[in-house]
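So this block is start37.cif, mmCIF, C-alpha atoms:
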data_query
#
loop_
_atom_site.group_PDB
_atom_site.id
_atom_site.type_symbol
_atom_site.label_atom_id
_atom_site.label_comp_id
_atom_site.auth_asym_id
_atom_site.auth_seq_id
_atom_site.Cartn_x
_atom_site.Cartn_y
_atom_site.Cartn_z
ATOM 1 C CA MET J 1 74.057 -10.086 -66.647
ATOM 2 C CA ALA J 2 74.928 -13.759 -67.198
ATOM 3 C CA ASP J 3 74.978 -15.002 -70.794
ATOM 4 C CA SER J 4 72.145 -17.491 -70.231
ATOM 5 C CA THR J 5 69.947 -14.798 -68.686
ATOM 6 C CA ALA J 6 70.771 -12.409 -71.538
ATOM 7 C CA ARG J 7 69.813 -15.074 -74.108
ATOM 8 C CA ARG J 8 66.558 -15.833 -72.279
ATOM 9 C CA LEU J 9 65.594 -12.132 -72.165
ATOM 10 C CA ALA J 10 66.665 -11.596 -75.777
ATOM 11 C CA ASP J 11 64.270 -14.300 -76.990
ATOM 12 C CA ALA J 12 61.391 -13.844 -74.532
ATOM 13 C CA PRO J 13 57.978 -13.247 -76.179
ATOM 14 C CA SER J 14 57.203 -10.434 -73.731
ATOM 15 C CA VAL J 15 59.479 -8.337 -71.543
ATOM 16 C CA LEU J 16 58.854 -5.334 -69.307
ATOM 17 C CA VAL J 17 62.020 -3.226 -69.113
ATOM 18 C CA GLY J 18 62.382 -0.766 -66.250
ATOM 19 C CA ILE J 19 64.723 2.151 -66.889
ATOM 20 C CA LEU J 20 66.283 4.538 -64.405
ATOM 21 C CA SER J 21 69.210 6.902 -64.320
ATOM 22 C CA ASP J 22 71.075 9.371 -62.187
ATOM 23 C CA THR J 23 70.512 7.759 -58.811
ATOM 24 C CA HIS J 24 73.617 9.561 -57.490
ATOM 25 C CA GLY J 25 73.985 7.085 -54.644
ATOM 26 C CA VAL J 26 70.299 7.100 -53.653
ATOM 27 C CA LEU J 27 67.697 4.513 -54.623
ATOM 28 C CA PRO J 28 64.374 5.752 -53.239
ATOM 29 C CA ALA J 29 61.972 3.082 -51.976
ATOM 30 C CA ALA J 30 59.377 4.339 -54.484
ATOM 31 C CA ALA J 31 61.758 3.653 -57.402
ATOM 32 C CA PHE J 32 62.588 0.188 -56.087
ATOM 33 C CA ALA J 33 58.880 -0.609 -55.656
ATOM 34 C CA GLU J 34 57.983 0.698 -59.132
ATOM 35 C CA LEU J 35 60.606 -1.549 -60.754
ATOM 36 C CA ALA J 36 59.495 -4.693 -58.871
ATOM 37 C CA ASP J 37 57.320 -5.939 -61.768
ATOM 38 C CA CYS J 38 60.070 -5.599 -64.396
ATOM 39 C CA ASP J 39 61.730 -8.524 -66.173
ATOM 40 C CA ALA J 40 64.891 -6.483 -66.827
ATOM 41 C CA ILE J 41 66.289 -3.213 -65.498
ATOM 42 C CA VAL J 42 68.491 -0.687 -67.302
ATOM 43 C CA HIS J 43 70.471 1.910 -65.329
ATOM 44 C CA ALA J 44 71.716 4.701 -67.605
ATOM 45 C CA GLY J 45 74.575 5.887 -65.407
ATOM 46 C CA ASP J 46 75.543 8.143 -62.528
ATOM 47 C CA ILE J 47 74.944 5.216 -60.222
ATOM 48 C CA CYS J 48 77.440 6.446 -57.592
ATOM 49 C CA ASP J 49 77.138 3.381 -55.331
ATOM 50 C CA PRO J 50 77.746 -0.271 -56.287
ATOM 51 C CA GLY J 51 75.130 -1.287 -53.708
ATOM 52 C CA ILE J 52 72.411 0.193 -55.924
ATOM 53 C CA LEU J 53 73.120 -2.298 -58.721
ATOM 54 C CA ALA J 54 73.149 -5.145 -56.191
ATOM 55 C CA GLU J 55 69.815 -3.996 -54.771
ATOM 56 C CA LEU J 56 68.249 -3.702 -58.230
ATOM 57 C CA ALA J 57 69.565 -7.171 -59.122
ATOM 58 C CA THR J 58 67.323 -8.627 -56.399
ATOM 59 C CA LEU J 59 64.388 -7.584 -58.620
ATOM 60 C CA ALA J 60 65.612 -8.477 -62.133
ATOM 61 C CA PRO J 61 68.769 -8.730 -64.240
ATOM 62 C CA VAL J 62 70.448 -5.326 -64.536
ATOM 63 C CA THR J 63 72.234 -3.727 -67.478
ATOM 64 C CA ALA J 64 74.119 -0.568 -66.488
ATOM 65 C CA VAL J 65 76.505 1.975 -67.995
ATOM 66 C CA LEU J 66 78.950 4.378 -66.423
ATOM 67 C CA GLY J 67 77.962 8.002 -65.973
ATOM 68 C CA ASN J 68 80.228 11.013 -65.703
ATOM 69 C CA ASN J 69 80.149 10.680 -61.888
ATOM 70 C CA ASP J 70 80.964 6.955 -61.847
ATOM 71 C CA CYS J 71 84.301 5.209 -61.555
ATOM 72 C CA ARG J 72 85.184 1.673 -62.570
ATOM 73 C CA GLU J 73 84.201 0.192 -59.175
ATOM 74 C CA TYR J 74 81.405 -1.774 -60.851
ATOM 75 C CA GLY J 75 83.771 -4.133 -62.692
ATOM 76 C CA GLU J 76 84.043 -5.082 -66.332
ATOM 77 C CA ALA J 77 80.297 -5.682 -66.710
ATOM 78 C CA VAL J 78 79.616 -1.926 -66.579
ATOM 79 C CA GLY J 79 81.127 0.121 -69.398
ATOM 80 C CA VAL J 80 80.415 3.337 -71.247
ATOM 81 C CA PHE J 81 77.907 1.660 -73.592
ATOM 82 C CA ALA J 82 75.612 -1.365 -73.459
ATOM 83 C CA THR J 83 73.709 -3.002 -76.303
ATOM 84 C CA PRO J 84 71.267 -5.470 -74.746
ATOM 85 C CA VAL J 85 68.443 -7.183 -76.599
ATOM 86 C CA PHE J 86 65.136 -7.658 -74.786
ATOM 87 C CA GLY J 87 62.310 -9.610 -76.402
ATOM 88 C CA GLY J 88 63.937 -9.265 -79.817
ATOM 89 C CA VAL J 89 64.252 -5.462 -79.514
ATOM 90 C CA ARG J 90 67.760 -3.986 -79.739
ATOM 91 C CA PHE J 91 68.712 -1.286 -77.213
ATOM 92 C CA LEU J 92 71.649 1.121 -77.075
ATOM 93 C CA VAL J 93 72.384 2.522 -73.620
ATOM 94 C CA ALA J 94 74.729 5.450 -72.909
ATOM 95 C CA HIS J 95 74.803 8.014 -70.142
ATOM 96 C CA THR J 96 74.785 11.238 -72.133
ATOM 97 C CA PRO J 97 72.616 12.069 -75.135
ATOM 98 C CA ASP J 98 75.792 13.124 -76.977
ATOM 99 C CA ASP J 99 77.393 9.699 -76.389
ATOM 100 C CA ALA J 100 74.224 7.999 -77.632
ATOM 101 C CA ARG J 101 74.193 10.194 -80.743
ATOM 102 C CA ARG J 102 77.890 9.565 -81.438
ATOM 103 C CA ALA J 103 77.344 5.818 -81.063
ATOM 104 C CA LEU J 104 74.453 5.878 -83.524
ATOM 105 C CA LEU J 105 76.652 7.731 -86.006
ATOM 106 C CA GLY J 106 79.365 5.068 -85.702
ATOM 107 C CA CYS J 107 81.826 7.392 -83.964
ATOM 108 C CA THR J 108 82.400 4.996 -81.030
ATOM 109 C CA SER J 109 83.036 1.306 -80.522
ATOM 110 C CA ALA J 110 79.503 0.783 -79.173
ATOM 111 C CA LEU J 111 78.218 -0.553 -82.479
ATOM 112 C CA GLN J 112 80.300 -2.661 -84.812
ATOM 113 C CA PRO J 113 80.163 -2.467 -88.616
ATOM 114 C CA GLY J 114 77.211 -4.532 -89.768
ATOM 115 C CA ASP J 115 75.316 -4.216 -86.464
ATOM 116 C CA LEU J 116 71.661 -3.405 -86.893
ATOM 117 C CA VAL J 117 70.546 0.019 -85.722
ATOM 118 C CA PRO J 118 69.096 -0.173 -82.203
ATOM 119 C CA GLN J 119 65.348 0.305 -82.037
ATOM 120 C CA VAL J 120 65.491 1.911 -78.589
ATOM 121 C CA VAL J 121 68.122 4.389 -77.381
ATOM 122 C CA VAL J 122 68.363 5.050 -73.647
ATOM 123 C CA HIS J 123 70.326 7.846 -71.981
ATOM 124 C CA GLY J 124 70.365 9.725 -68.712
ATOM 125 C CA HIS J 125 72.428 12.747 -67.665
ATOM 126 C CA THR J 126 69.875 15.502 -68.267
ATOM 127 C CA HIS J 127 67.737 14.598 -65.212
ATOM 128 C CA VAL J 128 64.719 15.599 -67.308
ATOM 129 C CA PRO J 129 62.389 12.708 -68.245
ATOM 130 C CA ARG J 130 61.485 12.427 -71.902
ATOM 131 C CA ILE J 131 60.328 9.894 -74.456
ATOM 132 C CA VAL J 132 60.843 10.730 -78.123
ATOM 133 C CA ARG J 133 59.321 8.733 -80.987
ATOM 134 C CA GLY J 134 59.562 8.711 -84.754
ATOM 135 C CA LYS J 135 61.742 11.070 -86.765
ATOM 136 C CA ALA J 136 63.011 12.901 -83.666
ATOM 137 C CA ALA J 137 64.455 9.589 -82.378
ATOM 138 C CA SER J 138 65.917 8.593 -85.761
ATOM 139 C CA PRO J 139 67.654 6.393 -86.664
ATOM 140 C CA ALA J 140 66.170 4.590 -83.663
ATOM 141 C CA HIS J 141 62.401 4.263 -83.281
ATOM 142 C CA LEU J 142 62.346 5.421 -79.664
ATOM 143 C CA ALA J 143 64.619 7.478 -77.389
ATOM 144 C CA VAL J 144 64.097 7.291 -73.634
ATOM 145 C CA CYS J 145 65.524 9.438 -70.863
ATOM 146 C CA PRO J 146 64.001 8.395 -67.525
ATOM 147 C CA GLY J 147 65.051 11.586 -65.752
ATOM 148 C CA SER J 148 66.448 11.135 -62.258
ATOM 149 C CA VAL J 149 65.024 9.247 -59.298
ATOM 150 C CA SER J 150 66.954 11.394 -56.817
ATOM 151 C CA ARG J 151 67.686 14.813 -58.363
ATOM 152 C CA PRO J 152 65.057 15.783 -60.947
ATOM 153 C CA ARG J 153 65.523 18.989 -62.940
ATOM 154 C CA GLY J 154 63.433 21.297 -65.074
ATOM 155 C CA GLY J 155 60.397 21.134 -62.811
ATOM 156 C CA SER J 156 60.029 17.379 -63.326
ATOM 157 C CA ALA J 157 59.221 14.850 -60.648
ATOM 158 C CA PRO J 158 61.456 11.888 -59.808
ATOM 159 C CA CYS J 159 60.762 9.293 -62.533
ATOM 160 C CA VAL J 160 61.507 5.922 -63.998
ATOM 161 C CA ALA J 161 60.519 4.701 -67.437
ATOM 162 C CA LYS J 162 58.953 1.418 -68.501
ATOM 163 C CA VAL J 163 59.113 -0.127 -71.951
ATOM 164 C CA ALA J 164 56.821 -3.073 -72.706
ATOM 165 C CA ILE J 165 57.867 -5.423 -75.489
ATOM 166 C CA GLU J 166 55.610 -8.006 -77.117
ATOM 167 C CA HIS J 167 56.651 -10.373 -79.900
ATOM 168 C CA GLY J 168 59.680 -8.411 -81.022
ATOM 169 C CA ALA J 169 58.152 -4.929 -80.964
ATOM 170 C CA VAL J 170 57.780 -2.104 -78.453
ATOM 171 C CA CYS J 171 54.089 -1.955 -77.586
ATOM 172 C CA SER J 172 54.323 0.853 -75.033
ATOM 173 C CA ALA J 173 56.775 3.238 -73.434
ATOM 174 C CA ARG J 174 55.858 5.466 -70.538
ATOM 175 C CA LEU J 175 57.292 7.624 -67.805
ATOM 176 C CA VAL J 176 56.214 6.875 -64.261
ATOM 177 C CA GLU J 177 56.377 9.681 -61.700
ATOM 178 C CA LEU J 178 57.442 8.428 -58.292
ATOM 179 C CA LYS J 179 55.390 9.272 -55.258
ATOM 180 C CA ALA J 180 57.291 10.070 -52.063
#

Could you write out this file's structure as structure tokens?
Amino acid sequence: MADSTARRLADAPSVLVGILSDTHGVLPAAAFAELADCDAIVHAGDICDPGILAELATLAPVTAVLGNNDCREYGEAVGVFATPVFGGVRFLVAHTPDDARRALLGCTSALQPGDLVPQVVVHGHTHVPRIVRGKAASPAHLAVCPGSVSRPRGGSAPCVAKVAIEHGAVCSARLVELKA
């Protein structure tokens, strides 16, 4: 994401963030359509095709991280962690829940000394959609796993997540099941 776009999204009074993960080389039309109203898109890894990020970028600026099935073919803009700010809300994005947890504990280079704790943590990898709030998400306020749009597990449907931000606070977070 270009610096000017990142600054604009960081300071915007309202932002709708679409979150997906574990596309594994497939971006279903239903996922693309569901993300069309988003101001920003986060892909939490296992992309498995650079064309997916290009396609998503036609909708909104994309922040992505590498998953365990990804290689470095996405360039320097896609690393193991991302720490975007949308509408004044700090995010931490990692592919696995363990990587996210290690980053929050300061065991990685994702957060620098003195960085504020992210309010929203996003991960993929499990393929099971889940939103966790409060103490269970601590030290963040919210933890989001959007599941998988192409290979759901645990009896779940293909999903994306949406986080609405208003005036520097998360006002809603929800999972959206995709219809075939």

Q: Output the residue selection produced by the PyMOL selection byres ((chain J and resi 131-140) around 6) on the file above, formatted as a VMD selection string.
A: chain J and resid 118 to 120 130 141 to 144

Q) Just so the selection is clear, what residues does the PyMOL selection byres ((chain J and resi 16-33) around 9) cover here, as a PyMOL selection string? A) chain J and resi 14-15+34-52+55-56+59+67+69-70+86-87+95+122-127+144-152+158-166+178-180

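Between CA of Ala169 (chain J) and CA of Pro113 (chain J) lies a distance of 23.4 Å.
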
Q. CA of Val117 (chain J) and CA of Leu66 (chain J) are how many Å apart?
A. 21.5 Å

Q.
Would you compute the distance between CA of Arg101 (chain J) and CA of Val121 (chain J)? Give it in Å to one decimal.
A. 9.0 Å

Q: Rank J:Ala103, J:Ala60, J:Val85, J:Cys71 by their smallest atom-to-atom distance to Leu9 (chain J), using all atoms listed in the file, and report the top residue only.
A: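 Nearest candidate to Leu9 (chain J) out of J:Ala103, J:Ala60, J:Val85, J:Cys71: J:Val85.
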
Take the structure in the block and write a file for region 148-180 of chain J, N, CA and C atoms, as a tab-separated table (two decimals), in the first residue's frame.
chain	number	residue	atom	x	y	z
J	148	SER	N	-11.51	-19.48	6.03
J	148	SER	CA	-10.97	-19.63	4.68
J	148	SER	C	-12.09	-19.43	3.67
J	149	VAL	N	-11.77	-18.74	2.59
J	149	VAL	CA	-12.77	-18.55	1.53
J	149	VAL	C	-12.81	-19.76	0.60
J	150	SER	N	-11.77	-20.61	0.64
J	150	SER	CA	-11.71	-21.71	-0.32
J	150	SER	C	-11.68	-23.10	0.30
J	151	ARG	N	-11.22	-23.21	1.55
J	151	ARG	CA	-11.09	-24.52	2.18
J	151	ARG	C	-11.50	-24.45	3.65
J	152	PRO	N	-12.76	-24.19	3.94
J	152	PRO	CA	-13.18	-24.09	5.34
J	152	PRO	C	-13.02	-25.43	6.07
J	153	ARG	N	-12.83	-25.32	7.38
J	153	ARG	CA	-12.69	-26.52	8.23
J	153	ARG	C	-13.65	-26.44	9.41
J	154	GLY	N	-13.76	-27.54	10.11
J	154	GLY	CA	-14.52	-27.58	11.35
J	154	GLY	C	-16.01	-27.37	11.15
J	155	GLY	N	-16.51	-27.72	9.98
J	155	GLY	CA	-17.94	-27.56	9.71
J	155	GLY	C	-18.36	-26.14	9.38
J	156	SER	N	-17.38	-25.24	9.24
J	156	SER	CA	-17.72	-23.84	8.93
J	156	SER	C	-17.92	-23.66	7.43
J	157	ALA	N	-18.58	-22.58	7.10
J	157	ALA	CA	-18.78	-22.20	5.70
J	157	ALA	C	-17.62	-21.31	5.27
J	158	PRO	N	-17.41	-21.14	3.96
J	158	PRO	CA	-16.43	-20.15	3.52
J	158	PRO	C	-16.85	-18.78	4.06
J	159	CYS	N	-15.87	-18.01	4.56
J	159	CYS	CA	-16.18	-16.74	5.23
J	159	CYS	C	-15.16	-15.66	4.91
J	160	VAL	N	-15.59	-14.44	5.11
J	160	VAL	CA	-14.71	-13.29	5.27
J	160	VAL	C	-15.17	-12.59	6.55
J	161	ALA	N	-14.37	-11.66	7.01
J	161	ALA	CA	-14.76	-10.86	8.17
J	161	ALA	C	-14.79	-9.41	7.76
J	162	LYS	N	-15.58	-8.62	8.48
J	162	LYS	CA	-15.63	-7.17	8.26
J	162	LYS	C	-15.56	-6.47	9.60
J	163	VAL	N	-14.68	-5.47	9.67
J	163	VAL	CA	-14.52	-4.67	10.86
J	163	VAL	C	-14.82	-3.22	10.49
J	164	ALA	N	-15.83	-2.65	11.14
J	164	ALA	CA	-16.20	-1.25	10.90
J	164	ALA	C	-15.60	-0.38	11.98
J	165	ILE	N	-14.96	0.69	11.56
J	165	ILE	CA	-14.28	1.62	12.47
J	165	ILE	C	-14.90	2.99	12.30
J	166	GLU	N	-15.23	3.60	13.42
J	166	GLU	CA	-15.79	4.97	13.43
J	166	GLU	C	-15.06	5.78	14.47
J	167	HIS	N	-14.51	6.90	14.07
J	167	HIS	CA	-13.87	7.85	14.99
J	167	HIS	C	-12.89	7.20	15.96
J	168	GLY	N	-12.01	6.38	15.41
J	168	GLY	CA	-10.94	5.81	16.21
J	168	GLY	C	-11.29	4.62	17.07
J	169	ALA	N	-12.45	4.02	16.84
J	169	ALA	CA	-12.86	2.85	17.64
J	169	ALA	C	-13.56	1.83	16.74
J	170	VAL	N	-13.40	0.56	17.08
J	170	VAL	CA	-14.13	-0.50	16.38
J	170	VAL	C	-15.58	-0.43	16.82
J	171	CYS	N	-16.48	-0.24	15.87
J	171	CYS	CA	-17.91	-0.20	16.24
J	171	CYS	C	-18.61	-1.52	15.94
J	172	SER	N	-18.04	-2.34	15.05
J	172	SER	CA	-18.59	-3.67	14.84
J	172	SER	C	-17.56	-4.57	14.17
J	173	ALA	N	-17.70	-5.85	14.45
J	173	ALA	CA	-16.87	-6.87	13.80
J	173	ALA	C	-17.78	-8.07	13.57
J	174	ARG	N	-17.78	-8.57	12.35
J	174	ARG	CA	-18.68	-9.68	12.07
J	174	ARG	C	-18.08	-10.61	11.03
J	175	LEU	N	-18.51	-11.85	11.08
J	175	LEU	CA	-18.16	-12.84	10.07
J	175	LEU	C	-19.28	-12.88	9.05
J	176	VAL	N	-18.91	-13.01	7.81
J	176	VAL	CA	-19.89	-13.07	6.72
J	176	VAL	C	-19.70	-14.38	5.97
J	177	GLU	N	-20.69	-15.26	6.07
J	177	GLU	CA	-20.65	-16.52	5.32
J	177	GLU	C	-20.89	-16.23	3.85
J	178	LEU	N	-20.11	-16.87	3.01
J	178	LEU	CA	-20.22	-16.65	1.57
J	178	LEU	C	-21.19	-17.65	0.97
J	179	LYS	N	-22.03	-17.16	0.11
J	179	LYS	CA	-22.98	-18.01	-0.59
J	179	LYS	C	-22.37	-18.41	-1.94
J	180	ALA	N	-22.53	-19.64	-2.31
J	180	ALA	CA	-21.95	-20.14	-3.57
J	180	ALA	C	-22.61	-19.53	-4.77
